[in-house]
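I have placed the structure first, in the form of structure tokens, so that the comments after it can refer back to it.
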Amino acid sequence: MTDRKLIVVDDEAGQRDLLSGFLSKKGYQVSAFGSGEEALEEYHKVFSPLALVDMKMPGMDGLELLRRLREMNPFIQVIVLTAFGSVETAVLAMRAGAFDYLTKPVEDLEELLLKLDKAAQQNRLVVEHQVMSERLAEAFPASEIIGESSAINKVKELISLVAPKDATVLVTGPSGTGKELVARAIHALSPRSDKRLVAINCSAFPETLLESELFGYEKGAFTGAEKTKQGRFELADGGTLFLDEIGEMPSSMQVKLLRVLEERKVQRLGSVKEIALDIRIIAATNRDLKDLVARGGFREDLFYRLNVIQIGLPTLKDRAGDILLLVEKFIGKYARKIGKEVVGVDAEAADLLANYSWPGNVRELENMIERAMVLTRSNRITRSDLTGLSAKETTTVVTGVILPLCDVEKRHIQFCLDQLNWNLGLCAEKLGIHRNTLRTKIKEYSLSKNPE
Ligand SMILES: Nc1ncnc2c1ncn2[C@@H]1O[C@H](COP(=O)(O)OP(=O)(O)OP(=O)(O)O)[C@@H](O)[C@H]1O
Ligand SMILES: [Mg+2]
């Protein structure tokens with residue numbers, strides 16, 4: 001087993017021999033070194049998951065060696081040996097990423113074995129975690145779900161957990177947060193991926209039409225039914241049915257849907273023949289279904305049927321760290337689409353984008369970037385290309401972010417000046433202040449004309 005490999009680094013030959021002798025007998029494959037330099041030189045040949053390192057050595061000390069080893073192998077678990085009473089050193093080592101420490105001379109050999117065992121276990125865990133994350137990254141090609149915030153990583157993890165199962169999933173979150181994207185990712189990663197994902201937006205059809213869309217009908221079932229039509233339930237057989245905006249489903253349809261979910265069969269309108277279904281259901285809503293249930297707008301039994309696994313999407317504001325990653329992705333997307341060579345955003349625009357509150361979430365961001373890409377005349381998007389944004393951004397009411405009054409004043413004046421092309425007279429008039437006051441404020445806030 002590779003995780004029985006271990007390096008022992010200690011300048012004192014007696015201690016080094018004692019430890020390596022003992023551990024070899026216990027089944028470890030030990031490589032011993034008399035200095036940090038020597039250990040570093042040879043480490044790439046051994047590449048052990050474990051190391052036992054003396055802190056106090058002439059030349060490169062244990063702390064430095066610990067850091068260098070971790071650079072070479074981020075998964076290595078290092079147990080350091082510190083002189084009795086030197087707690088400070090132990091603390092330093094732990095902070096630098098040591099797994100554990102032992103005081104010298106090592107007398108309790110059982111304790112040593114126990115700690116090494118734990119360290120090996122830890123190594124396996126972190127390696128496995130890494131493999132998992134790599135698999136996850138493979139499963140989600142860069143073009144798909146963008147973001148590295150912990151909020152979105154949780155979503156990705158949930159997706160990879162539920163995708164292989166047949167469980168019903170309810171995707172929730174405010175408008176534009178990526179619910180449909182998530183539903184498609186679940187289908188794409190499921191064993192049903194070679195079959196269809198059939199989507200239907202429950203709010204897009206009036207009640208009767210929704211029923212015939214979902215269930216299909218036989219020729220002559222009602223006036224206008226000129227030929228037989230398969231419903232979306234049937235079309236999704238073997239695959240996934242995505243019920244978007246489920247919260248808008250009329251209550252008569254909710255009963256019918258519940259029955260299908262329970263019995264897993266449907267009848268076309270105007271037919272008595274039952275068609276057995278093998279479908280997976282994913283539903284999405286931007287409403288608070290539980291609240292809707294409480295207020296009588298949604299059937300409780302259906303809610304429980306759908307809410308087997310819930311994936312709640314964060315607002316963009318709650319994962320602001322992902323904004324610039326998304327911006328980069330959308331710039332790439334529209335650069336290809338429009339055929340413009342735009343490589344990014346300038347610092348000021350990046351700042352604006354990162355600090356805006358995005359009530360419309362990722363969709364709003366995407367639209368904003370698309371518009372900016374059309375507008376921009378340089379190869380980097382600038383503040384002036386982000387038109388809609390600066391207007392909203394100047395009012396605290398929209399952003400929901402509480403800014404100091406002077407900040408708001410500064411931004412608002414800059415906005416007005418930009419809008420009115422620095423016509424001071426007009427600007428002063430609109431702002432309801434004297435021209436001289438405006439001049440003073442421009443000086444005070446060092447405002448300047450935006451270079452176009
Ligand atoms: N994490 C993400 N990475 C990349 N693109 C995203 C991400 N989240 C959303 N998008 C993009 O944002 C847009 C809106 O996403 P989507 O349609 O999935 O949102 P939604 O939650 O279904 O919105 P609504 O409630 O309004 O229907 C889409 O173009 C989608 O590709
Ligand atoms: Mg949607």
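Numbering starts fresh at 1 for the residues of each chain in the structure tokens, the chains themselves are lettered A, B, ... in the order given, and ligands are numbered from 1 as they appear.
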
Could you list the protein, DNA and RNA residues that have any atom within 10 Å of ligand 2, counting only C-alpha atoms and all ligand atoms, and write them as a PyMOL selection string?
chain A and resi 171-183+201+243-245+284-286+363

Which residues come within 10 Å of stretch 345-353 of chain A, counting only C-alpha atoms, excluding same-chain residues fewer than 4 positions away, as a PyMOL selection string?
chain A and resi 320+323-324+327-328+331+357-358+365+368-369+372+378-386+389-390+393

Would you put the residues from that selection into a file with N, CA and C atoms, as a PDB file, in the first residue's frame?
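And here is the file that came out, again25.pdb:
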```
ATOM      1  N   ALA A 320     -21.477  37.045  -4.681  1.00  0.00           N
ATOM      2  CA  ALA A 320     -20.899  38.149  -5.446  1.00  0.00           C
ATOM      3  C   ALA A 320     -19.506  37.796  -5.980  1.00  0.00           C
ATOM      4  N   ILE A 323     -19.357  36.960  -9.644  1.00  0.00           N
ATOM      5  CA  ILE A 323     -19.810  37.904 -10.675  1.00  0.00           C
ATOM      6  C   ILE A 323     -18.802  38.043 -11.812  1.00  0.00           C
ATOM      7  N   LEU A 324     -17.537  38.264 -11.440  1.00  0.00           N
ATOM      8  CA  LEU A 324     -16.565  38.512 -12.505  1.00  0.00           C
ATOM      9  C   LEU A 324     -16.280  37.267 -13.341  1.00  0.00           C
ATOM     10  N   VAL A 327     -19.062  37.251 -15.755  1.00  0.00           N
ATOM     11  CA  VAL A 327     -18.835  38.312 -16.744  1.00  0.00           C
ATOM     12  C   VAL A 327     -17.890  37.795 -17.832  1.00  0.00           C
ATOM     13  N   GLU A 328     -16.821  37.160 -17.391  1.00  0.00           N
ATOM     14  CA  GLU A 328     -15.833  36.634 -18.329  1.00  0.00           C
ATOM     15  C   GLU A 328     -16.480  35.632 -19.285  1.00  0.00           C
ATOM     16  N   ILE A 331     -18.798  37.452 -21.727  1.00  0.00           N
ATOM     17  CA  ILE A 331     -18.033  38.203 -22.734  1.00  0.00           C
ATOM     18  C   ILE A 331     -17.573  37.240 -23.831  1.00  0.00           C
ATOM     19  N   SER A 357     -26.208  45.287  -7.010  1.00  0.00           N
ATOM     20  CA  SER A 357     -26.926  44.259  -6.241  1.00  0.00           C
ATOM     21  C   SER A 357     -27.655  43.208  -7.082  1.00  0.00           C
ATOM     22  N   TRP A 358     -27.777  43.401  -8.376  1.00  0.00           N
ATOM     23  CA  TRP A 358     -28.334  42.406  -9.287  1.00  0.00           C
ATOM     24  C   TRP A 358     -29.670  41.818  -8.871  1.00  0.00           C
ATOM     25  N   LEU A 365     -27.427  40.060 -15.344  1.00  0.00           N
ATOM     26  CA  LEU A 365     -26.001  40.241 -15.628  1.00  0.00           C
ATOM     27  C   LEU A 365     -25.703  39.884 -17.085  1.00  0.00           C
ATOM     28  N   MET A 368     -27.028  42.535 -19.386  1.00  0.00           N
ATOM     29  CA  MET A 368     -26.204  43.733 -19.268  1.00  0.00           C
ATOM     30  C   MET A 368     -24.923  43.599 -20.098  1.00  0.00           C
ATOM     31  N   ILE A 369     -24.299  42.422 -19.987  1.00  0.00           N
ATOM     32  CA  ILE A 369     -23.047  42.206 -20.721  1.00  0.00           C
ATOM     33  C   ILE A 369     -23.318  42.162 -22.223  1.00  0.00           C
ATOM     34  N   ALA A 372     -23.671  45.674 -23.325  1.00  0.00           N
ATOM     35  CA  ALA A 372     -22.385  46.372 -23.293  1.00  0.00           C
ATOM     36  C   ALA A 372     -21.494  45.943 -24.455  1.00  0.00           C
ATOM     37  N   SER A 378     -14.367  49.788 -27.525  1.00  0.00           N
ATOM     38  CA  SER A 378     -12.980  49.409 -27.271  1.00  0.00           C
ATOM     39  C   SER A 378     -12.939  47.898 -27.029  1.00  0.00           C
ATOM     40  N   ASN A 379     -11.767  47.371 -26.761  1.00  0.00           N
ATOM     41  CA  ASN A 379     -11.711  45.929 -26.543  1.00  0.00           C
ATOM     42  C   ASN A 379     -11.896  45.556 -25.076  1.00  0.00           C
ATOM     43  N   ARG A 380     -12.169  46.568 -24.275  1.00  0.00           N
ATOM     44  CA  ARG A 380     -12.562  46.308 -22.887  1.00  0.00           C
ATOM     45  C   ARG A 380     -13.826  47.086 -22.572  1.00  0.00           C
ATOM     46  N   ILE A 381     -14.754  46.426 -21.925  1.00  0.00           N
ATOM     47  CA  ILE A 381     -15.987  47.109 -21.546  1.00  0.00           C
ATOM     48  C   ILE A 381     -15.670  48.134 -20.468  1.00  0.00           C
ATOM     49  N   THR A 382     -16.190  49.353 -20.657  1.00  0.00           N
ATOM     50  CA  THR A 382     -15.930  50.403 -19.675  1.00  0.00           C
ATOM     51  C   THR A 382     -17.229  50.761 -18.969  1.00  0.00           C
ATOM     52  N   ARG A 383     -17.065  51.601 -17.967  1.00  0.00           N
ATOM     53  CA  ARG A 383     -18.205  52.039 -17.176  1.00  0.00           C
ATOM     54  C   ARG A 383     -19.319  52.613 -18.052  1.00  0.00           C
ATOM     55  N   SER A 384     -18.912  53.376 -19.087  1.00  0.00           N
ATOM     56  CA  SER A 384     -19.948  54.030 -19.890  1.00  0.00           C
ATOM     57  C   SER A 384     -20.716  53.037 -20.764  1.00  0.00           C
ATOM     58  N   ASP A 385     -20.166  51.828 -20.948  1.00  0.00           N
ATOM     59  CA  ASP A 385     -20.908  50.807 -21.709  1.00  0.00           C
ATOM     60  C   ASP A 385     -21.995  50.152 -20.859  1.00  0.00           C
ATOM     61  N   LEU A 386     -21.851  50.323 -19.542  1.00  0.00           N
ATOM     62  CA  LEU A 386     -22.802  49.661 -18.635  1.00  0.00           C
ATOM     63  C   LEU A 386     -23.922  50.629 -18.309  1.00  0.00           C
ATOM     64  N   LEU A 389     -26.926  50.081 -15.704  1.00  0.00           N
ATOM     65  CA  LEU A 389     -26.413  49.829 -14.370  1.00  0.00           C
ATOM     66  C   LEU A 389     -26.089  51.087 -13.591  1.00  0.00           C
ATOM     67  N   SER A 390     -25.391  52.033 -14.225  1.00  0.00           N
ATOM     68  CA  SER A 390     -24.993  53.205 -13.441  1.00  0.00           C
ATOM     69  C   SER A 390     -26.226  53.988 -12.996  1.00  0.00           C
ATOM     70  N   GLU A 393     -27.642  52.057 -10.098  1.00  0.00           N
ATOM     71  CA  GLU A 393     -26.680  51.912  -9.040  1.00  0.00           C
ATOM     72  C   GLU A 393     -26.578  53.154  -8.168  1.00  0.00           C
TER      73      GLU A 393
END
```

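Distance-wise, atom CA of A:Ile338 and atom CA of A:Asn361 end up 23.0 Å apart.
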
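Considering only C-alpha atoms, the residue among A:Ser24, A:Thr315, A:Thr240, A:Ser48 positioned nearest to A:Ala283 is A:Thr240.
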
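Compared by their closest atoms to A:Phe233, and using only C-alpha atoms, the residues A:Glu263, A:Leu277, A:Val155, A:Leu326 rank with A:Leu277 nearest.
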
What is the atom CA of A:Ala90-atom CA of A:Leu63 distance in Å, reported with one decimal?
9.6 Å

Could you pull out the strand (DSSP E or B) residues of stretch 97-251 of chain A, going by DSSP on the backbone, and write them as a PyMOL selection string?
chain A and resi 100-104+169-172+197-201+216-217+229-230+240-244

Taking 2 positions as the minimum chain separation for residues in the same chain, which residues sit within 12 Å of A:Asp194 when counting only C-alpha atoms? Answer as a PyMOL selection string.
chain A and resi 187-192+196-197+236-240

Who sits within 12 Å of A:Leu81, only C-alpha atoms, same chain under 4 positions skipped, as a ChimeraX atom specification
/A:8-12,15-16,19,51-57,61-63,66,85-87,89-91,93-94,98-107,112
